[in-house]
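Student: Below is the file run-v9.cif, which contains mmCIF, C-alpha atoms.
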```cif
data_coords
#
loop_
_atom_site.label_atom_id
_atom_site.label_comp_id
_atom_site.auth_asym_id
_atom_site.auth_seq_id
_atom_site.Cartn_x
_atom_site.Cartn_y
_atom_site.Cartn_z
CA MET A 12 0.00 0.00 0.00
CA ALA A 13 2.72 2.39 1.05
CA ASN A 14 4.62 1.26 -1.97
CA THR A 15 1.80 2.24 -4.33
CA THR A 16 1.42 5.65 -2.77
CA HIS A 17 5.10 6.19 -3.08
CA GLU A 18 5.02 5.15 -6.69
CA ALA A 19 2.08 7.46 -7.45
CA ALA A 20 3.84 10.33 -5.78
CA GLU A 21 6.91 9.60 -7.80
CA THR A 22 4.86 9.57 -11.01
CA ALA A 23 3.22 12.82 -10.10
CA THR A 24 6.56 14.47 -9.45
CA GLU A 25 7.79 13.11 -12.73
CA ALA A 26 4.74 14.39 -14.54
CA VAL A 27 5.16 17.80 -13.04
CA GLY A 28 8.77 17.74 -14.07
CA HIS A 29 7.81 16.86 -17.63
CA ALA A 30 5.13 19.50 -17.70
CA ALA A 31 7.68 22.04 -16.60
CA GLU A 32 10.01 20.78 -19.26
CA ALA A 33 7.27 21.03 -21.84
CA ALA A 34 6.52 24.52 -20.68
CA GLY A 35 10.17 25.34 -21.03
CA HIS A 36 10.19 23.88 -24.51
CA ALA A 37 7.12 25.85 -25.44
CA ALA A 38 8.66 28.97 -24.01
CA GLU A 39 11.61 28.37 -26.25
CA SER A 40 9.40 28.54 -29.32
CA ALA A 41 7.79 31.76 -28.11
CA GLY A 42 4.96 30.15 -26.13
CA MET A 43 2.18 29.63 -28.63
CA PRO A 44 3.33 28.49 -32.08
CA GLN A 45 0.67 30.91 -33.34
CA LEU A 46 2.80 33.77 -32.09
CA ASP A 47 6.02 32.53 -33.66
CA PHE A 48 6.38 35.41 -36.04
CA ALA A 49 9.18 33.70 -37.93
CA THR A 50 6.64 31.39 -39.53
CA PHE A 51 4.25 34.18 -40.57
CA PRO A 52 5.73 34.92 -44.00
CA ASN A 53 5.58 31.21 -44.80
CA GLN A 54 1.97 30.83 -43.70
CA ILE A 55 0.83 34.01 -45.38
CA PHE A 56 2.58 33.09 -48.60
CA TRP A 57 1.00 29.66 -48.78
CA LEU A 58 -2.37 31.00 -47.69
CA VAL A 59 -2.38 33.56 -50.47
CA VAL A 60 -1.34 30.89 -52.97
CA ALA A 61 -4.07 28.55 -51.71
CA LEU A 62 -6.77 31.21 -51.74
CA ILE A 63 -5.88 32.32 -55.25
CA VAL A 64 -5.89 28.72 -56.48
CA ILE A 65 -9.23 28.03 -54.80
CA TYR A 66 -10.66 31.29 -56.12
CA PHE A 67 -9.72 30.42 -59.68
CA ILE A 68 -10.92 26.83 -59.43
CA LEU A 69 -14.23 27.95 -58.00
CA SER A 70 -14.89 31.07 -60.06
CA ARG A 71 -13.66 29.64 -63.38
CA ILE A 72 -14.91 26.07 -63.20
CA ALA A 73 -17.05 25.10 -60.25
CA LEU A 74 -19.38 28.05 -59.69
CA PRO A 75 -20.41 28.65 -63.31
CA ARG A 76 -20.99 24.92 -63.63
CA ILE A 77 -23.13 24.65 -60.50
CA GLY A 78 -24.94 27.86 -61.40
CA GLY A 79 -25.61 26.39 -64.82
CA ILE A 80 -26.87 23.14 -63.35
CA LEU A 81 -29.22 24.98 -61.00
CA ALA A 82 -30.47 27.24 -63.80
CA ASP A 83 -31.00 24.20 -66.05
CA ARG A 84 -32.91 22.46 -63.34
CA GLN A 85 -35.01 25.54 -62.69
CA GLY A 86 -35.67 25.80 -66.41
CA THR A 87 -36.62 22.15 -66.65
CA ILE A 88 -38.95 22.46 -63.70
CA THR A 89 -40.55 25.62 -65.08
CA ASN A 90 -41.00 23.99 -68.47
CA ASP A 91 -42.46 20.89 -66.91
CA ILE A 92 -44.86 22.93 -64.85
CA ALA A 93 -45.89 24.91 -67.93
CA ALA A 94 -46.35 21.69 -69.89
CA ALA A 95 -48.40 20.24 -67.06
CA GLU A 96 -50.53 23.39 -66.97
CA GLU A 97 -51.06 23.13 -70.70
CA LEU A 98 -51.99 19.47 -70.48
CA LYS A 99 -54.38 20.27 -67.68
CA LEU A 100 -56.04 22.93 -69.81
CA LYS A 101 -56.24 20.44 -72.67
CA ALA A 102 -57.78 17.87 -70.41
CA GLU A 103 -60.31 20.39 -69.19
CA GLU A 104 -61.11 21.29 -72.77
CA ALA A 105 -61.48 17.64 -73.66
CA GLU A 106 -63.79 17.14 -70.72
CA LYS A 107 -65.85 20.12 -71.77
CA ALA A 108 -66.05 18.79 -75.32
CA TYR A 109 -67.03 15.39 -74.03
CA ASN A 110 -69.77 16.88 -71.86
CA GLN A 111 -70.97 18.97 -74.77
CA ALA A 112 -71.04 15.90 -76.98
CA LEU A 113 -72.98 14.07 -74.29
CA VAL A 114 -75.53 16.90 -74.06
CA ASP A 115 -75.83 17.05 -77.85
CA ALA A 116 -76.28 13.32 -78.12
CA ARG A 117 -78.93 13.39 -75.45
CA ALA A 118 -80.79 16.20 -77.22
CA GLU A 119 -80.53 14.35 -80.52
CA ALA A 120 -81.86 11.21 -78.93
CA ASN A 121 -84.78 13.13 -77.44
CA LYS A 122 -85.49 14.65 -80.81
CA ILE A 123 -85.42 11.25 -82.52
CA ILE A 124 -87.70 9.83 -79.87
CA ALA A 125 -90.16 12.71 -80.29
CA GLU A 126 -90.09 12.31 -84.07
CA ALA A 127 -90.64 8.60 -83.84
CA ARG A 128 -93.46 9.14 -81.40
CA ALA A 129 -95.05 11.71 -83.73
CA ALA A 130 -94.69 9.40 -86.71
CA ILE A 131 -96.18 6.52 -84.79
CA GLN A 132 -99.04 8.75 -83.62
CA GLU A 133 -99.71 9.82 -87.19
CA ASP A 134 -99.75 6.24 -88.42
CA LEU A 135 -101.93 5.33 -85.54
CA ASP A 136 -104.35 8.20 -86.27
CA ALA A 137 -104.48 7.26 -89.94
CA ALA A 138 -105.09 3.64 -89.12
CA THR A 139 -107.75 4.58 -86.60
CA ALA A 140 -109.46 6.84 -89.09
CA LYS A 141 -109.33 4.19 -91.77
CA ALA A 142 -110.70 1.60 -89.39
CA ASP A 143 -113.46 4.01 -88.33
CA ALA A 144 -114.35 4.66 -91.94
CA GLU A 145 -114.42 0.98 -92.72
CA ILE A 146 -116.53 0.28 -89.71
CA ALA A 147 -118.95 3.10 -90.69
CA ALA A 148 -119.15 1.80 -94.26
CA LYS A 149 -119.74 -1.72 -93.06
CA ALA A 150 -122.44 -0.47 -90.62
CA ALA A 151 -124.12 1.54 -93.37
CA GLU A 152 -124.12 -1.48 -95.69
CA SER A 153 -125.50 -3.66 -92.93
CA ALA A 154 -128.20 -1.08 -92.21
CA LYS A 155 -129.06 -0.95 -95.87
CA ARG A 156 -129.31 -4.70 -96.09
CA ILE A 157 -131.40 -4.83 -92.95
CA GLU A 158 -133.64 -2.20 -94.49
CA GLU A 159 -133.86 -4.23 -97.71
CA ILE A 160 -134.59 -7.38 -95.77
CA ARG A 161 -137.22 -5.60 -93.79
CA ALA A 162 -138.83 -4.12 -96.95
CA HIS A 163 -138.67 -7.47 -98.59
CA ALA A 164 -140.28 -9.06 -95.55
CA VAL A 165 -143.13 -6.51 -95.59
CA GLU A 166 -143.57 -7.11 -99.28
CA ASN A 167 -143.69 -10.86 -98.69
CA VAL A 168 -146.15 -10.41 -95.88
CA ALA A 169 -148.34 -8.24 -98.14
CA GLU A 170 -148.02 -10.83 -100.88
CA VAL A 171 -148.91 -13.66 -98.51
CA ALA A 172 -151.74 -11.65 -96.99
CA LYS A 173 -153.13 -10.81 -100.44
CA SER A 174 -152.93 -14.38 -101.63
CA ALA A 175 -154.29 -15.63 -98.31
CA ALA A 176 -157.13 -13.09 -98.50
CA ALA A 177 -157.85 -14.12 -102.10
CA GLU A 178 -157.87 -17.78 -101.05
CA ILE A 179 -160.12 -17.02 -98.12
CA VAL A 180 -162.47 -15.05 -100.36
CA ALA A 181 -162.39 -17.92 -102.87
CA ALA A 182 -163.11 -20.41 -100.11
CA PHE A 183 -166.16 -18.42 -99.11
CA GLY A 184 -167.26 -18.81 -102.73
CA GLY A 185 -166.71 -15.44 -103.83
CA LYS A 186 -164.77 -14.23 -106.66
CA ALA A 187 -162.05 -12.15 -105.40
CA ASP A 188 -161.49 -8.95 -107.09
CA ALA A 189 -157.66 -8.73 -107.13
CA SER A 190 -157.53 -4.98 -106.89
CA ALA A 191 -160.04 -4.81 -104.01
CA VAL A 192 -158.14 -7.40 -102.03
CA THR A 193 -154.88 -5.59 -102.60
CA ALA A 194 -156.43 -2.33 -101.48
CA ALA A 195 -157.97 -3.97 -98.42
CA VAL A 196 -154.73 -5.68 -97.43
CA ASP A 197 -152.72 -2.53 -97.97
CA THR A 198 -155.18 -0.61 -95.80
CA ARG A 199 -154.93 -3.25 -93.02
CA LEU A 200 -151.17 -3.36 -93.23
CA LYS A 201 -150.93 0.36 -92.89
CA GLY A 202 -153.41 0.34 -90.03
CA MET B 9 5.08 0.01 -23.68
CA ALA B 10 4.23 0.49 -20.06
CA THR B 11 7.83 1.12 -19.12
CA GLU B 12 8.24 3.51 -21.97
CA ALA B 13 5.16 5.47 -20.95
CA GLN B 14 6.36 5.43 -17.35
CA SER B 15 9.73 6.69 -18.26
CA GLU B 16 8.19 9.54 -20.22
CA GLY B 17 5.42 10.29 -17.76
CA LEU B 18 2.45 12.23 -18.96
CA ALA B 19 3.34 14.28 -21.99
CA PHE B 20 1.53 17.61 -22.01
CA HIS B 21 2.29 19.20 -25.33
CA PRO B 22 -1.12 20.53 -26.31
CA MET B 23 0.36 23.26 -28.48
CA ASP B 24 2.84 21.11 -30.38
CA GLN B 25 0.21 20.31 -32.99
CA PHE B 26 0.29 23.93 -34.09
CA ILE B 27 4.03 24.11 -34.76
CA VAL B 28 4.88 25.00 -38.32
CA LYS B 29 7.52 22.55 -39.52
CA PRO B 30 9.31 22.20 -42.85
CA LEU B 31 8.01 19.15 -44.68
CA PHE B 32 11.35 17.83 -45.87
CA GLY B 33 13.55 18.24 -42.83
CA GLY B 34 15.61 21.27 -41.94
CA GLU B 35 15.01 23.81 -39.23
CA THR B 36 14.50 27.14 -40.88
CA VAL B 37 11.08 28.13 -42.12
CA GLY B 38 11.63 30.48 -45.02
CA MET B 39 8.88 32.24 -46.85
CA MET B 40 8.51 29.63 -49.57
CA THR B 41 9.66 26.54 -47.66
CA PRO B 42 7.12 23.74 -48.15
CA THR B 43 5.80 23.19 -44.63
CA ASN B 44 2.91 21.35 -43.06
CA VAL B 45 0.95 24.52 -43.80
CA THR B 46 1.61 23.91 -47.49
CA LEU B 47 0.60 20.27 -47.19
CA TRP B 48 -2.71 20.91 -45.45
CA MET B 49 -3.62 23.83 -47.64
CA ALA B 50 -2.90 21.64 -50.66
CA LEU B 51 -5.19 18.99 -49.19
CA THR B 52 -7.83 21.67 -48.71
CA ILE B 53 -7.53 22.63 -52.37
CA LEU B 54 -7.75 18.97 -53.36
CA ALA B 55 -10.84 18.42 -51.25
CA ILE B 56 -12.52 21.53 -52.64
CA THR B 57 -11.64 20.50 -56.18
CA GLY B 58 -12.93 17.01 -55.48
CA LEU B 59 -16.27 18.23 -54.24
CA PHE B 60 -16.94 21.15 -56.52
CA VAL B 61 -15.24 20.09 -59.73
CA PHE B 62 -15.24 16.30 -59.81
CA GLY B 63 -18.43 16.04 -57.81
CA THR B 64 -20.32 18.11 -60.35
CA ARG B 65 -18.79 16.75 -63.55
CA GLY B 66 -21.98 14.82 -64.32
CA ARG B 67 -23.93 18.11 -64.56
CA ALA B 68 -26.99 15.99 -63.81
CA ILE B 69 -30.47 17.48 -63.63
CA ILE B 70 -31.12 14.87 -60.96
CA PRO B 71 -27.93 15.22 -58.90
CA SER B 72 -25.75 12.49 -57.50
CA ARG B 73 -25.05 12.59 -53.77
CA ILE B 74 -21.80 14.49 -54.10
CA GLN B 75 -23.29 16.88 -56.61
CA SER B 76 -26.17 17.64 -54.27
CA ILE B 77 -23.72 18.45 -51.47
CA ALA B 78 -21.92 20.85 -53.80
CA GLU B 79 -25.24 22.38 -54.84
CA LEU B 80 -26.32 22.64 -51.23
CA ALA B 81 -23.13 24.52 -50.31
CA TYR B 82 -23.55 26.79 -53.33
CA GLY B 83 -27.19 27.48 -52.54
CA PHE B 84 -26.44 28.02 -48.85
CA ILE B 85 -23.80 30.70 -49.41
CA HIS B 86 -25.56 32.20 -52.42
CA LYS B 87 -28.72 32.70 -50.38
CA MET B 88 -26.73 34.03 -47.43
CA VAL B 89 -25.00 36.66 -49.59
CA GLU B 90 -28.27 37.63 -51.23
CA ASP B 91 -30.29 37.77 -48.01
CA VAL B 92 -27.71 39.49 -45.84
CA ALA B 93 -25.85 41.77 -48.21
CA GLY B 94 -28.39 42.22 -50.97
CA LYS B 95 -28.62 41.37 -54.66
CA ASP B 96 -25.85 43.76 -55.69
CA ALA B 97 -23.44 41.87 -53.41
CA LEU B 98 -23.74 38.76 -55.57
CA LYS B 99 -20.73 39.76 -57.65
CA PHE B 100 -18.68 39.13 -54.51
CA PHE B 101 -20.19 35.68 -54.21
CA PRO B 102 -17.14 33.81 -55.62
CA TYR B 103 -14.89 35.72 -53.22
CA ILE B 104 -17.06 34.93 -50.19
CA PHE B 105 -17.56 31.37 -51.33
CA THR B 106 -13.79 30.94 -51.61
CA LEU B 107 -13.34 32.09 -48.01
CA PHE B 108 -16.15 29.86 -46.79
CA CYS B 109 -14.83 26.80 -48.60
CA PHE B 110 -11.29 27.35 -47.47
CA ILE B 111 -12.31 27.76 -43.83
CA VAL B 112 -14.82 24.96 -43.68
CA PHE B 113 -12.51 22.49 -45.40
CA SER B 114 -9.49 23.52 -43.34
CA ASN B 115 -11.53 23.19 -40.17
CA PHE B 116 -12.78 19.73 -41.03
CA LEU B 117 -9.45 18.48 -42.37
CA GLY B 118 -7.90 19.77 -39.15
CA LEU B 119 -10.15 17.40 -37.23
CA LEU B 120 -8.45 14.37 -38.75
CA PRO B 121 -6.04 12.76 -36.32
CA LYS B 122 -2.48 13.99 -36.79
CA ALA B 123 -3.74 16.84 -38.90
CA PHE B 124 -2.50 20.40 -38.90
CA THR B 125 -5.22 23.01 -38.63
CA THR B 126 -4.26 25.95 -40.79
CA THR B 127 -7.21 28.02 -39.56
CA SER B 128 -6.00 27.77 -35.96
CA HIS B 129 -3.21 30.19 -36.86
CA ILE B 130 -3.81 33.84 -36.31
CA ALA B 131 -1.53 34.59 -39.28
CA VAL B 132 -3.93 32.79 -41.60
CA THR B 133 -7.18 34.13 -40.19
CA ALA B 134 -5.77 37.64 -39.86
CA VAL B 135 -4.84 37.71 -43.53
CA MET B 136 -8.37 36.70 -44.46
CA ALA B 137 -9.94 39.14 -42.01
CA ILE B 138 -7.73 41.98 -43.24
CA ALA B 139 -8.53 41.06 -46.82
CA VAL B 140 -12.23 41.28 -45.99
CA PHE B 141 -11.68 44.55 -44.12
CA LEU B 142 -9.79 46.12 -47.00
CA THR B 143 -12.25 44.87 -49.59
CA VAL B 144 -15.20 46.18 -47.64
CA THR B 145 -13.57 49.55 -46.96
CA ILE B 146 -12.48 50.03 -50.57
CA VAL B 147 -15.86 48.93 -51.92
CA GLY B 148 -17.56 51.24 -49.45
CA PHE B 149 -15.62 54.28 -50.60
CA VAL B 150 -15.79 53.40 -54.29
CA LYS B 151 -19.55 52.85 -54.20
CA ASN B 152 -20.56 55.65 -51.88
CA GLY B 153 -17.64 58.06 -51.91
CA ALA B 154 -17.56 60.18 -48.77
CA GLY B 155 -21.10 59.00 -48.08
CA PHE B 156 -19.55 55.85 -46.71
CA LEU B 157 -18.55 57.88 -43.67
CA GLY B 158 -22.27 58.15 -42.95
CA LEU B 159 -21.87 54.66 -41.56
CA PHE B 160 -20.24 56.25 -38.53
CA TRP B 161 -22.66 59.12 -38.22
CA VAL B 162 -25.77 57.67 -36.58
CA SER B 163 -28.39 60.10 -37.86
CA SER B 164 -31.16 58.46 -35.86
CA ALA B 165 -29.44 59.34 -32.54
CA PRO B 166 -29.86 62.70 -30.77
CA LEU B 167 -27.42 65.27 -32.11
CA PRO B 168 -25.24 65.68 -28.98
CA LEU B 169 -24.68 61.94 -28.86
CA ARG B 170 -23.61 61.61 -32.46
CA PRO B 171 -19.92 62.54 -32.12
CA ILE B 172 -19.54 60.08 -29.26
CA LEU B 173 -21.34 57.39 -31.19
CA ALA B 174 -19.20 58.18 -34.22
CA LEU B 175 -16.07 57.63 -32.16
CA ILE B 176 -17.42 54.32 -30.89
CA GLU B 177 -18.47 53.30 -34.40
CA VAL B 178 -15.01 54.11 -35.79
CA ILE B 179 -13.32 52.09 -33.04
CA SER B 180 -15.67 49.17 -33.54
CA TYR B 181 -15.09 49.37 -37.28
CA PHE B 182 -11.34 49.01 -36.83
CA VAL B 183 -11.75 46.28 -34.24
CA ARG B 184 -13.72 44.21 -36.73
CA PRO B 185 -10.77 42.47 -38.41
CA VAL B 186 -9.27 41.70 -34.99
CA SER B 187 -12.39 40.04 -33.63
CA HIS B 188 -13.13 38.51 -37.01
CA SER B 189 -9.78 36.72 -37.12
CA ILE B 190 -9.26 35.95 -33.44
CA ARG B 191 -12.74 34.45 -33.15
CA LEU B 192 -11.95 31.82 -35.77
CA ALA B 193 -8.34 31.09 -34.81
CA GLY B 194 -9.16 31.11 -31.09
CA ASN B 195 -12.03 28.68 -31.47
CA MET B 196 -10.06 26.29 -33.58
CA MET B 197 -6.96 26.47 -31.38
CA ALA B 198 -8.81 26.13 -28.09
CA GLY B 199 -10.81 23.08 -29.14
CA HIS B 200 -7.82 21.27 -30.51
CA ALA B 201 -5.70 22.12 -27.49
CA VAL B 202 -8.38 20.87 -25.10
CA ILE B 203 -8.63 17.60 -27.01
CA LYS B 204 -4.85 17.29 -26.78
CA VAL B 205 -4.92 17.92 -23.02
CA PHE B 206 -7.53 15.21 -22.51
CA ALA B 207 -5.56 12.93 -24.80
CA ALA B 208 -2.50 13.45 -22.61
CA PHE B 209 -4.44 12.09 -19.63
CA ALA B 210 -5.56 8.98 -21.54
CA PRO B 211 -2.38 6.89 -21.08
CA LEU B 212 -2.48 7.41 -17.29
CA ILE B 213 -3.85 3.87 -16.90
CA LEU B 214 -0.44 2.58 -18.01
CA ILE B 215 1.31 4.57 -15.32
CA SER B 216 -0.72 4.57 -12.16
CA GLY B 217 -3.79 3.07 -10.53
CA ILE B 218 -5.73 6.31 -10.66
CA GLY B 219 -5.78 5.90 -14.43
CA VAL B 220 -8.56 3.31 -14.10
CA ALA B 221 -10.88 6.20 -13.42
CA VAL B 222 -9.15 8.92 -15.40
CA THR B 223 -8.54 7.10 -18.66
CA PRO B 224 -12.19 6.27 -19.51
CA LEU B 225 -13.20 9.76 -18.45
CA SER B 226 -10.62 11.35 -20.66
CA ILE B 227 -11.62 9.17 -23.60
CA ILE B 228 -15.25 10.16 -23.11
CA ALA B 229 -14.17 13.78 -22.85
CA ILE B 230 -12.18 13.51 -26.09
CA THR B 231 -15.21 12.03 -27.84
CA ALA B 232 -17.48 14.75 -26.54
CA MET B 233 -15.01 17.47 -27.44
CA TYR B 234 -14.62 15.98 -30.88
CA GLY B 235 -18.36 16.14 -31.41
CA LEU B 236 -18.38 19.72 -30.24
CA GLU B 237 -15.46 20.52 -32.51
CA ILE B 238 -17.33 19.17 -35.53
CA LEU B 239 -20.08 21.64 -34.69
CA VAL B 240 -17.59 24.43 -34.08
CA ALA B 241 -15.76 23.69 -37.33
CA PHE B 242 -18.91 24.41 -39.29
CA ILE B 243 -20.28 27.19 -37.11
CA GLN B 244 -17.06 29.19 -37.18
CA ALA B 245 -16.87 28.97 -40.95
CA TYR B 246 -20.51 30.05 -41.05
CA VAL B 247 -19.90 32.92 -38.64
CA PHE B 248 -16.86 34.14 -40.55
CA THR B 249 -18.83 34.07 -43.79
CA ILE B 250 -21.98 35.72 -42.49
CA LEU B 251 -19.93 38.47 -40.81
CA THR B 252 -18.22 39.04 -44.14
CA CYS B 253 -21.68 39.42 -45.67
CA VAL B 254 -22.75 41.82 -42.92
CA TYR B 255 -19.65 43.96 -43.43
CA LEU B 256 -20.25 43.92 -47.16
CA LYS B 257 -23.81 45.07 -46.59
CA ASP B 258 -22.46 48.02 -44.58
CA ALA B 259 -20.17 48.88 -47.46
CA LEU B 260 -22.90 48.67 -50.12
CA HIS B 261 -25.68 50.27 -48.07
CA PRO B 262 -23.96 52.34 -45.34
CA HIS B 263 -27.13 54.09 -44.18
CA HIS B 264 -28.60 52.56 -41.09
#
```
Translate this structure into structure tokens?

Tutor:
Amino acid sequence: MANTTHEAAETATEAVGHAAEAAGHAAESAGMPQLDFATFPNQIFWLVVALIVIYFILSRIALPRIGGILADRQGTITNDIAAAEELKLKAEEAEKAYNQALVDARAEANKIIAEARAAIQEDLDAATAKADAEIAAKAAESAKRIEEIRAHAVENVAEVAKSAAAEIVAAFGGKADASAVTAAVDTRLKG
Amino acid sequence: MATEAQSEGLAFHPMDQFIVKPLFGGETVGMMTPTNVTLWMALTILAITGLFVFGTRGRAIIPSRIQSIAELAYGFIHKMVEDVAGKDALKFFPYIFTLFCFIVFSNFLGLLPKAFTTTSHIAVTAVMAIAVFLTVTIVGFVKNGAGFLGLFWVSSAPLPLRPILALIEVISYFVRPVSHSIRLAGNMMAGHAVIKVFAAFAPLILISGIGVAVTPLSIIAITAMYGLEILVAFIQAYVFTILTCVYLKDALHPHH
């Protein structure tokens, strides 16, 4: 234990000694190397050389190139945005045209439907009228025939009545005067 | 290993990482000697070239990952200059972007282990800050003539106060490059030095029993500091750049 302490103490002394030595060394080279004025011309010379070289590399090659790249990119982006805007307008136009076409087509369809309906109505009216006419004609014909049949029937009845009256008169032994019978029957029929 | 560490003790050299050394041996650092400054600035240039030149060589409308980072950085600074300093400041954009790139890449490269952080040196940041100061001052006078002095004459303040305010404004104007440069260098230096100090405690476990507690703590501290430094590396570059924009705005539109 004592040994270790002794050793540590020794090391510490040694370290202090070295530090002092280092300080002495540093003092020799004017403390901070930054303040060693003998090296200033060297540093300044090389600094100026370096700065001039960097300046020329940057201003002649690098900066115009990077500036160009950035300008190109900006141009490309602007163009792309303009193109996109244009395409958008075109798309809007196309949509408008499409909608217009849709509206037109719908109107056309309505028109065709109306026309077709009108045509059908016309045909229907014509057909109805024709059918009505036919029916009327047929009814008139039927009425006429009924009238004929009826007249015929009356005639027949008169005929039968006349002949029957003549027979009856004959049966009673009389001699039927044809014209008197006819007149009598006609009178009865009318009565 | 243990004996070696013991014989050396704890090595506290937190500032050694900032020493400017010649790359190929030798002791003297002349003006044009290739040093570690040269190396790390060259790496900065390489990294910038890699990102902004090779990263964007595809020129793709839909960017690759690297290209989008480059574009992001461009857009970030471009917007900052435009928003803070106005549209007419955009012709200074390459200049400001150069400063931003240099600082941000130096800061991040400096975070690599064994790296040398060029932006931790006051010599480097001061040159940039003075360059900004001179640019802004010259631009201010060229654009506005004597009207630029209106920057110091606060016309919205009561008349008796104006001379005093003008004095304060002039002082603060000349302090700008100092704070501008020391803020960046100080932040970078302090963070790196603190990491180094914690790192010096890490091998304590090889030396003494107390290291059992200290070593894990110091490793955790290094990790935490490193995370903080990543934040600081970006924020300081951002601050330097946005202050440059603010100063530029004053030069272009000096009226409050």

Student: Which is closest to Gly148 of chain B among B:Ala50, B:Leu260, B:Leu119, B:Ile230, if we use all atoms listed in the file?

Tutor: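 So, comparing all the options, the nearest one is B:Leu260.
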
Student: Kindly resolve the PyMOL selection byres ((chain A and resi 54-63) around 8) on the present coordinates and return the residues as a PyMOL selection string.

Tutor: (chain A and resi 50-53+64-67) or (chain B and resi 39-40+45-46+49-50+53+106-107+110+131-132+135)

Student: Would you mind telling me which residue in B:Ala93, B:Ile243, B:Leu192, B:Ile218 lies nearest to chain A when using only C-alpha atoms?

Tutor: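 Of B:Ala93, B:Ile243, B:Leu192, B:Ile218, the one nearest chain A, counting only C-alpha atoms, is B:Ile218.
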
Student: Just to confirm, what's the straight-line distance from atom CA of Ile72 of chain A to atom CA of Ala81 of chain B in Å (one decimal)?

Tutor: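 Interatomic distance, atom CA of Ile72 of chain A to atom CA of Ala81 of chain B: 15.4 Å.
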
Student: With a cut-off of 8 Å, could you pull out the residues of chain B touching chain A and give me the nearest pair of atoms for each, distance in Å to one decimal, using all atoms listed in the file, ordered by chain and ascending number, as CSV?

Tutor:
```
residue,atom,partner,partner_atom,distance
B:Gln14,CA,A:Thr22,CA,7.7
B:Glu16,CA,A:His29,CA,7.8
B:Gly17,CA,A:Ala26,CA,5.3
B:Leu18,CA,A:Ala26,CA,5.4
B:Ala19,CA,A:His29,CA,6.8
B:Phe20,CA,A:Ala30,CA,5.9
B:His21,CA,A:Ala33,CA,6.4
B:Met23,CA,A:Met43,CA,6.6
B:Asp24,CA,A:Pro44,CA,7.6
B:Phe26,CA,A:Pro44,CA,5.8
B:Ile27,CA,A:Pro44,CA,5.2
B:Val28,CA,A:Thr50,CA,6.7
B:Val37,CA,A:Thr50,CA,6.1
B:Gly38,CA,A:Asn53,CA,6.1
B:Met39,CA,A:Asn53,CA,4.0
B:Met40,CA,A:Asn53,CA,5.8
B:Thr41,CA,A:Asn53,CA,6.8
B:Val45,CA,A:Gln54,CA,6.4
B:Thr46,CA,A:Trp57,CA,5.9
B:Met49,CA,A:Ala61,CA,6.2
B:Ala50,CA,A:Ala61,CA,7.1
B:Ile53,CA,A:Ile65,CA,6.2
B:Ile56,CA,A:Ile65,CA,7.6
B:Thr57,CA,A:Ile68,CA,7.2
B:Phe60,CA,A:Ala73,CA,5.4
B:Val61,CA,A:Ala73,CA,5.4
B:Thr64,CA,A:Ile77,CA,7.1
B:Arg67,CA,A:Ile80,CA,6.0
B:Ala68,CA,A:Ile80,CA,7.2
B:Ile69,CA,A:Arg84,CA,5.6
B:Ala78,CA,A:Ile77,CA,7.8
B:Glu79,CA,A:Ile77,CA,6.5
B:Tyr82,CA,A:Ile77,CA,7.5
B:Pro102,CA,A:Ser70,CA,5.7
B:Tyr103,CA,A:Tyr66,CA,6.8
B:Thr106,CA,A:Tyr66,CA,5.5
B:Leu107,CA,A:Leu62,CA,7.6
B:Phe110,CA,A:Leu62,CA,7.3
B:Ser128,CA,A:Gln45,CA,7.8
B:His129,CA,A:Gln45,CA,5.3
B:Ile130,CA,A:Gln45,CA,6.1
B:Ala131,CA,A:Phe51,CA,5.9
B:Val132,CA,A:Ile55,CA,6.2
B:Val135,CA,A:Ile55,CA,7.0
B:Ile215,CA,A:Thr22,CA,7.5
B:Ser216,CA,A:Ala19,CA,6.2
B:Gly217,CA,A:Ala19,CA,8.0
```

Student: Would you kindly return, as a ChimeraX atom specification, each protein, DNA or RNA residue with an atom no farther than 10 Å from any atom of Phe182 of chain B, considering all atoms listed in the file and excluding same-chain residues fewer than 5 positions away?

Tutor: /B:141,177,187

Student: Quick one, how far is atom CA of Leu159 of chain B from atom CA of His86 of chain B?

Tutor: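 Interatomic distance, atom CA of Leu159 of chain B to atom CA of His86 of chain B: 25.2 Å.
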
Student: Need to verify the contact set: Leu236 of chain B, 12 Å, only C-alpha atoms, exclusion of same-chain residues closer than 6 positions in sequence. Can you return it as a PDB file with C-alpha atoms, in the coordinates of the input?

Tutor:
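Produced file selection.pdb, reproduced below:
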```pdb
ATOM      1  CA  LEU B 119     -10.150  17.400 -37.230  1.00  0.00           C
ATOM      2  CA  ASN B 195     -12.030  28.680 -31.470  1.00  0.00           C
ATOM      3  CA  MET B 196     -10.060  26.290 -33.580  1.00  0.00           C
ATOM      4  CA  ALA B 198      -8.810  26.130 -28.090  1.00  0.00           C
ATOM      5  CA  GLY B 199     -10.810  23.080 -29.140  1.00  0.00           C
ATOM      6  CA  HIS B 200      -7.820  21.270 -30.510  1.00  0.00           C
ATOM      7  CA  VAL B 202      -8.380  20.870 -25.100  1.00  0.00           C
ATOM      8  CA  ILE B 203      -8.630  17.600 -27.010  1.00  0.00           C
ATOM      9  CA  ALA B 229     -14.170  13.780 -22.850  1.00  0.00           C
ATOM     10  CA  ILE B 230     -12.180  13.510 -26.090  1.00  0.00           C
ATOM     11  CA  PHE B 242     -18.910  24.410 -39.290  1.00  0.00           C
ATOM     12  CA  ILE B 243     -20.280  27.190 -37.110  1.00  0.00           C
ATOM     13  CA  GLN B 244     -17.060  29.190 -37.180  1.00  0.00           C
TER      14      GLN B 244
END
```
